[in-house]
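Visitor: Here you go, one structure.
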Amino acid sequence: MSIVVFAESSDNQFKKSTFEAISYAKEIGQLIGKDVIAVNISGISNGAELGKYGASKVVNCNNTDGFTADATSDLFASICKELGASVVVLSNTYVGKSVSPRVAVALNASMASNVISVPDLSNGFAVKRGVFSGKAFAIVNLNRDIKVLAITPNSFEINSNGSDCPTESINANASPSKISIKAVNKVTGKIPLTEAELVVSAGRGMKGPENWVMIEELATLIGAATACSKPVSDMGWRPHSEHVGQTGITIKPNLYIAIGISGAIQHLAGVSSSKTIVAINKDPEAPFFKSADYGIVGDAFEVLPQLIQALKN
Amino acid sequence: MKILVCISVVQDTTTKITFTDNDTQFNKAGVQFIVNPYDELAVTRALEIAEANNGTVTIVHVGEADSEPSIRKALSMGANEAIRINANPIDAQFVAEEIAKIATGYDLILTGRESIDYNGGAVCGLLGAMLNIPSINVVTKIDYDGGLFTFDRDIDGGRETVSCAGPVIASAQKDLCEPRIPNMRGIMAARTKPLQIIEASVSNQAVSYLSYTLPAAKSGVKLIDPSNAAELINILKNEVKVI
Ligand SMILES: Cc1cc2nc3c(=O)[nH]c(=O)nc-3n(C[C@H](O)[C@H](O)[C@H](O)COP(=O)(O)OP(=O)(O)OC[C@H]3O[C@@H](n4cnc5c(N)ncnc54)[C@H](O)[C@@H]3O)c2cc1C
Ligand SMILES: Nc1ncnc2c1ncn2[C@@H]1O[C@H](COP(=O)(O)O)[C@@H](O)[C@H]1O
């Protein structure tokens with residue numbers, strides 16, 4: 001019996017969310033007295049570094065077919081079975097969201113997504129998960145023997161005091177995918193919004209897409225990802241992948257800076273779990289100030305150059 | 001072409017969330033219920049594809065009688081018929097297990113990317129696995145050329161184009177289309193369209209909801225003088241230590 005982690009990678013590197021998932025699994029491992037096995041089906045040649053985060057073994061499976069929900073999930077589920085997984089941990093990324101439900105079905109498991117707590121074992125297996133688009137949390141119990149947990153990125157500390165661990169290769173067979181990948185358009189070198197620790201976001205108060213030069217400059221200076229409100233992506237000022245909120249992406253960065261965004265309830269739904277929130281708005285009555293930790297009541301076109309200058313100094 | 005669209009019925013997006021019964025139940029008092037926004041997109045695109053390919057659209061919803069106005073809305077948009085599986089839709093796995101029992105024989109099944117109440121984002125993948133068909137998450141484009149479906153889907157940091165023969169299930173993401181607004185004729189027609197009610201039968205519930213909590217309230221905003229905005233950088237660096 002073991003705790004199995006889906007070690008996701010991108011551009012031939014493990015994702016930060018993978019380190020979080022392994023650190024998280026290690027905590028569960030200590031609670032239930034089981035080892036953490038990381039499964040690397042991405043083609044990264046040697047996953048030994050995952051030992052640092054708490055894996056006691058890495059199982060490498062060379063999968064050159066690319067990611068498809070059906071084949072990748074089948075492959076991963078068959079490895080989970082072989083390893084006798086009782087708890088399976090993934091990140092709630094796009095990939096994790098595609099894989100976790102299918103793996104749960106294959107293993108006849110209980111699953112929870114958006115998980116933000118270590119399980120409470122005092123009366124079953126209960127975890128806290130985000131619901132109502134960030135407006136609330138639910139405590140849910142996973143009733144079946146095997147549990148699949150998809151954890152929210154940025155919710156758990158990375159613990160890296162371990163050391164490299166042994167690796168082994170596995171030859172697992174999965175039926176080929178019925179899906180064929182025609183084209184992949186990826187912006188490389190950009191931080192995916194759902195995993196970003198720092199986010200600079202702007203709204204209709206920026207007046208037009210040309211003014212995002214300042215937003216991007218600020219974001220680059222602090223190493224943040226950029227986001228926007230719904231009307232901004234609806235008008236095509238920004239790509240819709242940047243739209244956060246109830247009908248956009250839900251994020252949980254350590255810092256969220258909202259510039260020229262009013263703070264409508266649907267917007268807040270997607271960002272209010274951010275650890276520190278800064279609102280910059282010229283209207284002192286803007287609702288965002290009620291949900292912010294720090295605020296500047298002022299014109300973005302005057303405030304932003306000051307911030308940029310201060311960072312450059 | 002037979003298309004099935006799964007719709008969930010959720011609180012209006014302006015709802016202030018509260019709980020009752022010792023924080024074990026969502027407080028529905030005074031709450032307006034709507035078709036989940038992503039599911040409206042799924043219904044609309046399903047109708048467009050069905051219309052172009054001489055097909056039909058069936059709506060399925062797991063819920064209680066009070067969600068019928070939302071089912072009628074989907075019918076008034078143009079769907080042909082609806083099935084309501086009578087149960088309190090507690091959890092994504094329960095919902096998917098119920099839907100799986102009626103979901104065979106369709107070329108295309110659509111869901112929303114996620115429901116804005118329980119946010120599982122799970123039903124598409126769960127159903128796909130239960131029916132043993134491919135699932136394609138968060139699609140912003142669906143085309144059908146008479147043989148293959150082609151999808152654009154969001155991936156971490158970008159977008160991907162994939163193709164696949166039916167039967168296939170996909171989850172609708174913003175940008176897929178503009179939601180169709182029912183017209184008077186559609187609303188009249190919806191009143192007499194078939195709505196079949198089936199009793200739920202799944203008993204081995206995978207997940208139970210025990211209780212709810214609200215996020216801790218913010219302690220109050222600290223304002224910084226706009227003429228000295230640089231102070232913000234200082235605070236973020238040295239007090240919050242986040243940059
Ligand atoms: C079903 C539904 C779902 C929705 N989902 C979402 C969602 O997911 N995400 C989302 O964001 N919205 C969502 N909305 C929309 C939401 O209700 C708001 O309309 C939207 O968030 C407003 O965007 P905004 O703050 O950019 O624009 P506005 O409300 O127009 O606010 C602009 C702000 O900029 C300020 N401003 C103007 N000029 C300046 C300046 N020079 N300097 C500084 N500040 C300035 C103004 O004071 C104002 O507060 C949804 C709405 C509905 C009905
Ligand atoms: N009670 C339900 N009845 C029918 N379909 C549902 C129900 N709940 C969720 N769905 C579908 O599954 C999608 C994703 O829901 P979820 O996995 O709960 O986030 C929704 O957008 C709907 O298409």
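Quick note on naming: the chains in the structure tokens go A, B, ... in the order shown, residues restart at 1 in each chain, and ligands are numbered from 1 in order of appearance.
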Excluding same-chain residues fewer than 4 positions from stretch 170-182 of chain B, what lies within 9 Å of it counting only C-alpha atoms, as a PDB file with C-alpha atoms, in the first residue's frame?
Guide:
ATOM      1  CA  ASP A 234     -14.839  40.064 -23.289  1.00  0.00           C
ATOM      2  CA  HIS A 240      -9.611  35.073 -22.100  1.00  0.00           C
ATOM      3  CA  THR A 247     -16.800  32.485 -14.589  1.00  0.00           C
ATOM      4  CA  GLY A 248     -13.061  32.631 -15.148  1.00  0.00           C
TER       5      GLY A 248
ATOM      6  CA  PRO B  37     -23.242  29.726 -17.084  1.00  0.00           C
ATOM      7  CA  TYR B  38     -20.913  27.238 -18.815  1.00  0.00           C
ATOM      8  CA  ASP B  39     -23.784  24.846 -19.392  1.00  0.00           C
ATOM      9  CA  GLU B  40     -25.664  27.538 -21.332  1.00  0.00           C
ATOM     10  CA  LEU B  41     -22.705  27.628 -23.682  1.00  0.00           C
ATOM     11  CA  ALA B  42     -22.793  23.845 -23.969  1.00  0.00           C
ATOM     12  CA  VAL B  43     -26.514  23.915 -24.805  1.00  0.00           C
ATOM     13  CA  THR B  44     -26.024  26.653 -27.391  1.00  0.00           C
ATOM     14  CA  ARG B  45     -23.166  24.957 -29.220  1.00  0.00           C
ATOM     15  CA  LYS B  73     -35.125  27.352 -20.124  1.00  0.00           C
ATOM     16  CA  ALA B  74     -32.776  24.930 -21.879  1.00  0.00           C
ATOM     17  CA  LEU B  75     -35.758  23.556 -23.806  1.00  0.00           C
ATOM     18  CA  SER B  76     -36.832  27.065 -24.755  1.00  0.00           C
ATOM     19  CA  MET B  77     -33.362  27.686 -26.172  1.00  0.00           C
ATOM     20  CA  GLY B  78     -34.243  24.907 -28.625  1.00  0.00           C
ATOM     21  CA  LEU B 108     -21.522  13.903 -28.456  1.00  0.00           C
ATOM     22  CA  ILE B 109     -22.017  14.681 -24.773  1.00  0.00           C
ATOM     23  CA  LEU B 110     -21.350  18.147 -23.403  1.00  0.00           C
ATOM     24  CA  THR B 111     -20.985  19.479 -19.875  1.00  0.00           C
ATOM     25  CA  GLY B 112     -19.810  22.810 -18.525  1.00  0.00           C
ATOM     26  CA  ARG B 113     -16.186  23.330 -17.520  1.00  0.00           C
ATOM     27  CA  GLU B 114     -17.331  23.371 -13.921  1.00  0.00           C
ATOM     28  CA  GLY B 121     -14.843  20.307 -12.744  1.00  0.00           C
ATOM     29  CA  VAL B 123     -18.314  15.385 -14.228  1.00  0.00           C
ATOM     30  CA  CYS B 124     -16.871  15.450 -17.769  1.00  0.00           C
ATOM     31  CA  GLY B 125     -13.935  13.184 -16.924  1.00  0.00           C
ATOM     32  CA  GLY B 128     -16.029   9.841 -19.943  1.00  0.00           C
ATOM     33  CA  PRO B 134     -12.577   9.994 -24.555  1.00  0.00           C
ATOM     34  CA  SER B 135     -13.085  13.196 -22.572  1.00  0.00           C
ATOM     35  CA  ILE B 136     -11.855  16.619 -23.613  1.00  0.00           C
ATOM     36  CA  ASN B 137     -11.781  19.274 -20.907  1.00  0.00           C
ATOM     37  CA  VAL B 138     -12.277  23.041 -21.229  1.00  0.00           C
ATOM     38  CA  VAL B 139     -13.045  23.412 -24.908  1.00  0.00           C
ATOM     39  CA  THR B 140     -13.360  26.806 -26.570  1.00  0.00           C
ATOM     40  CA  LYS B 141     -14.260  25.487 -30.026  1.00  0.00           C
ATOM     41  CA  ILE B 142     -16.132  22.444 -31.333  1.00  0.00           C
ATOM     42  CA  PHE B 151     -11.854  20.782 -30.456  1.00  0.00           C
ATOM     43  CA  ARG B 153      -9.021  23.260 -25.584  1.00  0.00           C
ATOM     44  CA  ASP B 154      -7.250  25.284 -22.921  1.00  0.00           C
ATOM     45  CA  GLY B 186     -39.106  28.920 -28.020  1.00  0.00           C
ATOM     46  CA  ILE B 187     -40.595  29.676 -24.619  1.00  0.00           C
TER      47      ILE B 187
END
Visitor: Would you give me, as JSON, numbers by chain, the residues of chain B that come within 7 Å of chain A, using only C-alpha atoms?
Guide: {"B": [13, 14, 17, 116, 117, 118, 119, 120, 121, 122, 125, 126, 129, 130, 134, 135, 136, 137, 155, 156, 157, 158, 159, 160, 161, 162, 163, 164, 206, 207, 208, 209, 210, 211, 212, 213, 214, 215, 218, 220, 221, 222, 223, 224, 225, 226, 229, 230, 233, 242, 243]}
Visitor: I need the alpha helix (DSSP H) residues of stretch 103-211 of chain B per DSSP on the backbone, written as a ChimeraX atom specification.
Guide: /B:123-131,184-190
Visitor: For atom 49 (O, counted along the ligand's line) of ligand 1 and atom CA of A:Lys207, quote the distance in Å rounded to one decimal.
Guide: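 Atom-to-atom, atom 49 (O, counted along the ligand's line) of ligand 1 to atom CA of A:Lys207, that is 11.7 Å.
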Visitor: Excluding B:Ile59 and any residue of its chain fewer than 3 positions from it, enumerate the residues within 7 Å of it, using only C-alpha atoms, and give them as a PyMOL selection string.
Guide: chain B and resi 4-7+79+81-83
Visitor: Could you take the residues named above and write them with N, CA and C atoms, as a JSON list (two decimals), in the first residue's frame?
Guide:
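The resulting file, part-v2.json, is shown below:
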[["chain", "number", "residue", "atom", "x", "y", "z"],
["B", 4, "LEU", "N", -26.19, 14.93, -26.13],
["B", 4, "LEU", "CA", -26.69, 15.02, -24.76],
["B", 4, "LEU", "C", -25.96, 16.17, -24.06],
["B", 5, "VAL", "N", -26.71, 17.05, -23.40],
["B", 5, "VAL", "CA", -26.07, 18.12, -22.65],
["B", 5, "VAL", "C", -26.47, 18.02, -21.18],
["B", 6, "CYS", "N", -25.45, 18.00, -20.31],
["B", 6, "CYS", "CA", -25.71, 17.90, -18.86],
["B", 6, "CYS", "C", -25.77, 19.32, -18.30],
["B", 7, "ILE", "N", -26.86, 19.65, -17.65],
["B", 7, "ILE", "CA", -26.91, 20.99, -17.06],
["B", 7, "ILE", "C", -27.06, 20.90, -15.54],
["B", 79, "ALA", "N", -33.62, 22.97, -27.29],
["B", 79, "ALA", "CA", -33.39, 21.53, -27.11],
["B", 79, "ALA", "C", -34.69, 20.76, -27.32],
["B", 81, "GLU", "N", -35.71, 17.61, -25.99],
["B", 81, "GLU", "CA", -36.35, 16.89, -24.88],
["B", 81, "GLU", "C", -35.42, 16.95, -23.68],
["B", 82, "ALA", "N", -35.97, 16.59, -22.51],
["B", 82, "ALA", "CA", -35.15, 16.65, -21.30],
["B", 82, "ALA", "C", -35.44, 15.46, -20.40],
["B", 83, "ILE", "N", -34.43, 15.13, -19.61],
["B", 83, "ILE", "CA", -34.57, 14.07, -18.61],
["B", 83, "ILE", "C", -34.16, 14.68, -17.28]]
Visitor: Can you check which residues of stretch 22-260 of chain A DSSP gives as strand (DSSP E) on the backbone and send them as number ranges by chain?
Guide: A: 36-40, 57-60, 85-91, 110-115, 126-131, 136-142, 147-151, 167-169, 180-186, 198-202, 225-228, 255-259
Visitor: If you measure from atom 21 (O, counted along the ligand's line) of ligand 2 to atom CA of B:Gly55, what distance in Å do you get, rounded to one decimal?
Guide: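 Pair atom 21 (O, counted along the ligand's line) of ligand 2 / atom CA of B:Gly55 returns 21.9 Å.
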Visitor: Which residue is closest to A:Val59? Choose from A:Gln30, A:Thr220, A:Thr72, A:Ser45 and count only C-alpha atoms.
Guide: A:Ser45
